[in-house]
file work_12.cif (mmCIF, C-alpha atoms, pLDDT in the B column; chains and numbers go by the auth columns)
data_my_file
loop_
_atom_site.group_PDB
_atom_site.id
_atom_site.type_symbol
_atom_site.label_atom_id
_atom_site.label_comp_id
_atom_site.label_asym_id
_atom_site.label_seq_id
_atom_site.Cartn_x
_atom_site.Cartn_y
_atom_site.Cartn_z
_atom_site.B_iso_or_equiv
_atom_site.auth_seq_id
_atom_site.auth_asym_id
ATOM 1 C CA MET A 1 109.071 113.147 119.801 47.00 1 A
ATOM 2 C CA ASP A 2 111.751 110.492 119.797 45.00 2 A
ATOM 3 C CA PRO A 3 111.543 108.478 116.549 59.00 3 A
ATOM 4 C CA GLN A 4 113.248 105.457 118.148 83.00 4 A
ATOM 5 C CA PRO A 5 111.380 104.666 121.364 92.00 5 A
ATOM 6 C CA THR A 6 113.069 102.402 123.854 93.00 6 A
ATOM 7 C CA ALA A 7 111.527 99.302 125.392 93.00 7 A
ATOM 8 C CA GLU A 8 111.587 101.134 128.730 96.00 8 A
ATOM 9 C CA GLU A 9 109.601 104.091 127.350 96.00 9 A
ATOM 10 C CA ILE A 10 107.032 101.677 125.954 96.00 10 A
ATOM 11 C CA ARG A 11 106.837 99.818 129.298 96.00 11 A
ATOM 12 C CA GLU A 12 106.241 103.120 131.119 97.00 12 A
ATOM 13 C CA ILE A 13 103.285 103.922 128.866 97.00 13 A
ATOM 14 C CA LEU A 14 101.894 100.407 129.280 97.00 14 A
ATOM 15 C CA GLY A 15 102.176 100.707 133.058 96.00 15 A
ATOM 16 C CA LYS A 16 100.094 103.894 133.107 97.00 16 A
ATOM 17 C CA HIS A 17 97.104 102.070 131.622 97.00 17 A
ATOM 18 C CA LEU A 18 97.184 98.480 132.852 96.00 18 A
ATOM 19 C CA HIS A 19 94.811 99.276 135.728 96.00 19 A
ATOM 20 C CA LEU A 20 92.065 100.312 133.296 96.00 20 A
ATOM 21 C CA GLU A 21 89.289 98.067 132.094 95.00 21 A
ATOM 22 C CA GLY A 22 89.909 97.664 128.361 95.00 22 A
ATOM 23 C CA PRO A 23 93.292 99.426 128.260 97.00 23 A
ATOM 24 C CA LEU A 24 94.262 98.635 124.650 98.00 24 A
ATOM 25 C CA LEU A 25 92.917 101.790 122.976 98.00 25 A
ATOM 26 C CA PRO A 26 94.210 104.150 125.691 98.00 26 A
ATOM 27 C CA ILE A 27 97.641 102.504 125.367 98.00 27 A
ATOM 28 C CA LEU A 28 97.641 102.858 121.574 98.00 28 A
ATOM 29 C CA HIS A 29 96.553 106.504 121.759 97.00 29 A
ATOM 30 C CA ASP A 30 99.190 107.303 124.392 97.00 30 A
ATOM 31 C CA LEU A 31 101.921 105.661 122.323 97.00 31 A
ATOM 32 C CA GLN A 32 100.912 107.603 119.223 95.00 32 A
ATOM 33 C CA ASP A 33 100.610 110.863 121.172 93.00 33 A
ATOM 34 C CA THR A 34 104.073 110.301 122.644 94.00 34 A
ATOM 35 C CA PHE A 35 105.954 109.114 119.558 94.00 35 A
ATOM 36 C CA GLY A 36 103.806 110.414 116.696 90.00 36 A
ATOM 37 C CA TYR A 37 103.163 106.845 115.489 94.00 37 A
ATOM 38 C CA LEU A 38 102.794 103.303 116.831 96.00 38 A
ATOM 39 C CA PRO A 39 106.230 101.725 116.954 95.00 39 A
ATOM 40 C CA GLN A 40 106.181 98.169 115.601 95.00 40 A
ATOM 41 C CA GLU A 41 108.366 97.022 118.505 95.00 41 A
ATOM 42 C CA ALA A 42 105.571 98.004 120.894 97.00 42 A
ATOM 43 C CA VAL A 43 103.090 95.482 119.471 98.00 43 A
ATOM 44 C CA PRO A 44 104.588 92.352 121.097 97.00 44 A
ATOM 45 C CA GLN A 45 105.034 94.234 124.376 97.00 45 A
ATOM 46 C CA ILE A 46 101.389 95.307 124.348 98.00 46 A
ATOM 47 C CA ALA A 47 100.241 91.800 123.459 98.00 47 A
ATOM 48 C CA GLY A 48 102.262 90.276 126.287 97.00 48 A
ATOM 49 C CA ALA A 49 101.121 92.816 128.866 97.00 49 A
ATOM 50 C CA LEU A 50 97.439 92.385 127.959 97.00 50 A
ATOM 51 C CA ASN A 51 97.527 88.617 127.367 97.00 51 A
ATOM 52 C CA LEU A 52 96.517 89.116 123.730 97.00 52 A
ATOM 53 C CA SER A 53 98.022 87.745 120.559 98.00 53 A
ATOM 54 C CA VAL A 54 100.133 89.962 118.317 98.00 54 A
ATOM 55 C CA ALA A 55 97.471 89.390 115.640 98.00 55 A
ATOM 56 C CA GLU A 56 94.738 90.767 117.926 98.00 56 A
ATOM 57 C CA VAL A 57 96.716 93.935 118.667 98.00 57 A
ATOM 58 C CA THR A 58 97.635 94.341 114.993 97.00 58 A
ATOM 59 C CA GLY A 59 93.982 93.881 114.035 97.00 59 A
ATOM 60 C CA VAL A 60 92.902 96.722 116.298 97.00 60 A
ATOM 61 C CA ILE A 61 95.662 98.981 114.961 96.00 61 A
ATOM 62 C CA SER A 62 94.729 98.281 111.349 93.00 62 A
ATOM 63 C CA PHE A 63 90.996 98.758 112.018 93.00 63 A
ATOM 64 C CA TYR A 64 91.364 102.387 113.136 90.00 64 A
ATOM 65 C CA HIS A 65 92.488 104.770 110.390 81.00 65 A
ATOM 66 C CA ASP A 66 94.051 107.309 112.750 84.00 66 A
ATOM 67 C CA PHE A 67 96.860 105.043 113.922 92.00 67 A
ATOM 68 C CA ARG A 68 100.136 105.506 112.067 92.00 68 A
ATOM 69 C CA LYS A 69 102.862 102.913 111.566 90.00 69 A
ATOM 70 C CA ALA A 70 105.481 105.558 110.767 90.00 70 A
ATOM 71 C CA PRO A 71 106.056 109.144 111.893 91.00 71 A
ATOM 72 C CA ALA A 72 103.891 111.731 110.130 93.00 72 A
ATOM 73 C CA GLY A 73 105.219 114.784 108.363 95.00 73 A
ATOM 74 C CA ARG A 74 105.410 118.186 110.021 95.00 74 A
ATOM 75 C CA HIS A 75 101.872 118.851 108.755 96.00 75 A
ATOM 76 C CA VAL A 76 99.000 116.362 108.485 95.00 76 A
ATOM 77 C CA LEU A 77 96.371 116.925 105.806 97.00 77 A
ATOM 78 C CA LYS A 78 93.232 114.829 106.182 96.00 78 A
ATOM 79 C CA LEU A 79 90.988 114.749 103.129 97.00 79 A
ATOM 80 C CA CYS A 80 87.375 113.693 103.612 97.00 80 A
ATOM 81 C CA ARG A 81 86.379 110.549 101.714 96.00 81 A
ATOM 82 C CA ALA A 82 82.750 110.339 102.899 97.00 82 A
ATOM 83 C CA GLU A 83 79.785 110.264 100.528 97.00 83 A
ATOM 84 C CA ALA A 84 78.773 113.925 100.824 97.00 84 A
ATOM 85 C CA CYS A 85 82.273 115.065 99.936 97.00 85 A
ATOM 86 C CA GLN A 86 82.501 112.513 97.130 97.00 86 A
ATOM 87 C CA SER A 87 79.258 113.832 95.661 97.00 87 A
ATOM 88 C CA MET A 88 80.838 117.306 95.572 97.00 88 A
ATOM 89 C CA GLY A 89 84.028 116.274 93.789 97.00 89 A
ATOM 90 C CA SER A 90 86.388 115.194 96.563 97.00 90 A
ATOM 91 C CA ASP A 91 87.747 112.272 94.542 97.00 91 A
ATOM 92 C CA ALA A 92 89.082 114.544 91.796 97.00 92 A
ATOM 93 C CA LEU A 93 90.323 117.022 94.397 97.00 93 A
ATOM 94 C CA ALA A 94 92.129 114.258 96.294 97.00 94 A
ATOM 95 C CA ASP A 95 93.695 112.950 93.092 97.00 95 A
ATOM 96 C CA ARG A 96 94.976 116.457 92.329 96.00 96 A
ATOM 97 C CA VAL A 97 96.372 117.013 95.852 97.00 97 A
ATOM 98 C CA LEU A 98 98.079 113.614 95.909 97.00 98 A
ATOM 99 C CA SER A 99 99.539 114.283 92.468 96.00 99 A
ATOM 100 C CA LEU A 100 100.781 117.762 93.451 95.00 100 A
ATOM 101 C CA LEU A 101 102.502 116.342 96.533 96.00 101 A
ATOM 102 C CA GLY A 102 103.777 113.215 94.798 97.00 102 A
ATOM 103 C CA VAL A 103 102.369 110.868 97.441 97.00 103 A
ATOM 104 C CA ASP A 104 99.633 108.303 97.889 96.00 104 A
ATOM 105 C CA TRP A 105 97.239 107.936 100.812 95.00 105 A
ATOM 106 C CA HIS A 106 99.121 107.765 104.135 92.00 106 A
ATOM 107 C CA GLY A 107 102.202 109.012 102.305 94.00 107 A
ATOM 108 C CA THR A 108 104.587 111.731 103.392 95.00 108 A
ATOM 109 C CA THR A 109 106.347 114.103 101.010 96.00 109 A
ATOM 110 C CA THR A 110 110.035 113.386 100.498 96.00 110 A
ATOM 111 C CA ASP A 111 110.956 116.507 102.446 96.00 111 A
ATOM 112 C CA GLY A 112 108.893 115.315 105.430 95.00 112 A
ATOM 113 C CA ARG A 113 106.656 118.345 105.181 96.00 113 A
ATOM 114 C CA ILE A 114 103.154 116.893 104.631 97.00 114 A
ATOM 115 C CA THR A 115 101.435 113.575 105.317 96.00 115 A
ATOM 116 C CA VAL A 116 98.109 112.973 103.560 96.00 116 A
ATOM 117 C CA GLU A 117 95.528 110.775 105.241 95.00 117 A
ATOM 118 C CA PRO A 118 91.949 109.853 104.386 95.00 118 A
ATOM 119 C CA VAL A 119 89.232 110.644 106.900 94.00 119 A
ATOM 120 C CA TYR A 120 85.680 109.413 106.705 93.00 120 A
ATOM 121 C CA CYS A 121 83.722 112.470 107.793 94.00 121 A
ATOM 122 C CA LEU A 122 84.680 115.794 109.277 95.00 122 A
ATOM 123 C CA GLY A 123 81.097 116.859 109.918 95.00 123 A
ATOM 124 C CA LEU A 124 81.227 119.539 107.226 95.00 124 A
ATOM 125 C CA CYS A 125 78.852 117.813 104.833 96.00 125 A
ATOM 126 C CA ALA A 126 77.102 121.090 103.992 96.00 126 A
ATOM 127 C CA CYS A 127 80.483 122.579 103.049 96.00 127 A
ATOM 128 C CA ALA A 128 81.804 119.673 100.999 97.00 128 A
ATOM 129 C CA PRO A 129 84.417 118.852 99.951 98.00 129 A
ATOM 130 C CA ALA A 130 86.231 119.242 103.242 98.00 130 A
ATOM 131 C CA ALA A 131 89.693 118.745 104.686 97.00 131 A
ATOM 132 C CA MET A 132 91.535 119.206 107.948 97.00 132 A
ATOM 133 C CA LEU A 133 95.069 120.553 108.121 97.00 133 A
ATOM 134 C CA ASP A 134 96.828 120.275 111.481 95.00 134 A
ATOM 135 C CA GLY A 135 93.474 120.192 113.268 93.00 135 A
ATOM 136 C CA ARG A 136 91.957 123.157 111.404 96.00 136 A
ATOM 137 C CA VAL A 137 89.020 122.389 109.115 96.00 137 A
ATOM 138 C CA HIS A 138 88.565 123.783 105.616 97.00 138 A
ATOM 139 C CA GLY A 139 85.290 123.527 103.722 97.00 139 A
ATOM 140 C CA ALA A 140 84.033 124.125 100.212 97.00 140 A
ATOM 141 C CA LEU A 141 87.449 123.243 98.855 97.00 141 A
ATOM 142 C CA THR A 142 88.328 123.766 95.244 96.00 142 A
ATOM 143 C CA GLU A 143 91.583 122.893 93.531 95.00 143 A
ATOM 144 C CA ALA A 144 92.584 126.548 93.763 96.00 144 A
ATOM 145 C CA LYS A 145 91.854 126.750 97.503 96.00 145 A
ATOM 146 C CA ALA A 146 93.664 123.474 98.171 95.00 146 A
ATOM 147 C CA THR A 147 96.679 124.628 96.153 94.00 147 A
ATOM 148 C CA LYS A 148 96.781 127.914 98.083 95.00 148 A
ATOM 149 C CA ILE A 149 96.676 126.053 101.408 94.00 149 A
ATOM 150 C CA LEU A 150 99.518 123.753 100.338 93.00 150 A
ATOM 151 C CA GLU A 151 101.603 126.656 98.998 92.00 151 A
ATOM 152 C CA ALA A 152 101.292 128.386 102.388 92.00 152 A
ATOM 153 C CA LEU A 153 103.091 125.401 103.942 89.00 153 A
ATOM 154 C CA ALA A 154 106.148 125.763 101.692 79.00 154 A
#
call {"tool": "encode", "arguments": {"input": "work_12.cif", "output": "structure tokens"}}
result
Amino acid sequence: MDPQPTAEEIREILGKHLHLEGPLLPILHDLQDTFGYLPQEAVPQIAGALNLSVAEVTGVISFYHDFRKAPAGRHVLKLCRAEACQSMGSDALADRVLSLLGVDWHGTTTDGRITVEPVYCLGLCACAPAAMLDGRVHGALTEAKATKILEALA
């Protein structure tokens, strides 16, 4: 993934989707899949190509929690923030994980190793609290289990 996408690379991605009805979300997903985040310089290009305002494109980006404005770390840890997980102690668990890593929500550790993101349901309500690390789900998390998972990434 190239952290500094060129205007030409962005135009190529736009061109792949302009024929679609409602191409904004496919464009945003393709950009993030390609670069690992949504480059700010792409927003005016998208707006111009789709005859939208920059505010409209920015509004869509900010509405969806999965879009990133900066590259993620080598590992992405998503901690469930939904009600079932909260009722089983996810708030305290999240506070502990964020403290251990020295980051806040959407933050990346200084070594670029881990990005922590909130997610609003992983479908593991019966195994709350839950998390997803690099696409792999973990249920019935405790502080000890979470610490062990993080230590394995060191």
call {"tool": "resolve_selection", "arguments": {"input": "work_12.cif", "expression": "the PyMOL selection byres ((chain A and resi 113-130) around 10)", "output": "ChimeraX atom specification"}}
result
/A:65-66,68,71-91,93-94,97-98,101,103-112,131-134,137-142,146,150,153-154
call {"tool": "closest_atom_pairs", "arguments": {"input": "work_12.cif", "of": "segment 28-141 of chain A", "to": "segment 8-21 of chain A", "cutoff": "12 Å", "atoms": "only C-alpha atoms", "output": "CSV"}}
result
residue,atom,partner,partner_atom,distance
A:Leu28,CA,A:Leu14,CA,9.1
A:His29,CA,A:Ile13,CA,10.1
A:Asp30,CA,A:Ile13,CA,6.9
A:Leu31,CA,A:Ile13,CA,6.9
A:Gln32,CA,A:Ile13,CA,10.6
A:Asp33,CA,A:Ile13,CA,10.7
A:Thr34,CA,A:Ile13,CA,8.9
A:Phe35,CA,A:Ile10,CA,9.9
A:Leu38,CA,A:Ile10,CA,10.2
A:Pro39,CA,A:Ile10,CA,9.0
A:Gln40,CA,A:Ile10,CA,11.0
A:Glu41,CA,A:Ile10,CA,8.9
A:Ala42,CA,A:Ile10,CA,6.4
A:Val43,CA,A:Ile10,CA,9.8
A:Pro44,CA,A:Ile10,CA,10.8
A:Gln45,CA,A:Arg11,CA,7.7
A:Ile46,CA,A:Leu14,CA,7.1
A:Ala47,CA,A:Leu14,CA,10.5
A:Gly48,CA,A:Leu14,CA,10.6
A:Ala49,CA,A:Leu14,CA,7.6
A:Leu50,CA,A:Leu18,CA,7.8
A:Asn51,CA,A:Leu18,CA,11.3
call {"tool": "write_last_selection", "arguments": {"input": "work_12.cif", "atoms": "C-alpha atoms", "output": "PDB file, in the frame of the given file"}}
result
ATOM      1  CA  LEU A  28      97.641 102.858 121.574  1.00 98.00           C
ATOM      2  CA  HIS A  29      96.553 106.504 121.759  1.00 97.00           C
ATOM      3  CA  ASP A  30      99.190 107.303 124.392  1.00 97.00           C
ATOM      4  CA  LEU A  31     101.921 105.661 122.323  1.00 97.00           C
ATOM      5  CA  GLN A  32     100.912 107.603 119.223  1.00 95.00           C
ATOM      6  CA  ASP A  33     100.610 110.863 121.172  1.00 93.00           C
ATOM      7  CA  THR A  34     104.073 110.301 122.644  1.00 94.00           C
ATOM      8  CA  PHE A  35     105.954 109.114 119.558  1.00 94.00           C
ATOM      9  CA  LEU A  38     102.794 103.303 116.831  1.00 96.00           C
ATOM     10  CA  PRO A  39     106.230 101.725 116.954  1.00 95.00           C
ATOM     11  CA  GLN A  40     106.181  98.169 115.601  1.00 95.00           C
ATOM     12  CA  GLU A  41     108.366  97.022 118.505  1.00 95.00           C
ATOM     13  CA  ALA A  42     105.571  98.004 120.894  1.00 97.00           C
ATOM     14  CA  VAL A  43     103.090  95.482 119.471  1.00 98.00           C
ATOM     15  CA  PRO A  44     104.588  92.352 121.097  1.00 97.00           C
ATOM     16  CA  GLN A  45     105.034  94.234 124.376  1.00 97.00           C
ATOM     17  CA  ILE A  46     101.389  95.307 124.348  1.00 98.00           C
ATOM     18  CA  ALA A  47     100.241  91.800 123.459  1.00 98.00           C
ATOM     19  CA  GLY A  48     102.262  90.276 126.287  1.00 97.00           C
ATOM     20  CA  ALA A  49     101.121  92.816 128.866  1.00 97.00           C
ATOM     21  CA  LEU A  50      97.439  92.385 127.959  1.00 97.00           C
ATOM     22  CA  ASN A  51      97.527  88.617 127.367  1.00 97.00           C
TER      23      ASN A  51
END
call {"tool": "atom_distance", "arguments": {"input": "work_12.cif", "atom1": "atom CA of Arg96 of chain A", "atom2": "atom CA of Glu143 of chain A"}}
result
7.4 Å
call {"tool": "atom_distance", "arguments": {"input": "work_12.cif", "atom1": "atom CA of Ser99 of chain A", "atom2": "atom CA of Gly135 of chain A"}}
result
22.5 Å
call {"tool": "atom_distance", "arguments": {"input": "work_12.cif", "atom1": "atom CA of Ala92 of chain A", "atom2": "atom CA of Phe63 of chain A"}}
result
25.7 Å
call {"tool": "closest_residue", "arguments": {"input": "work_12.cif", "among": "A:Leu24, A:Ala7, A:Ala152, A:Ala70", "to": "Glu56 of chain A", "atoms": "all atoms listed in the file"}}
result
A:Leu24
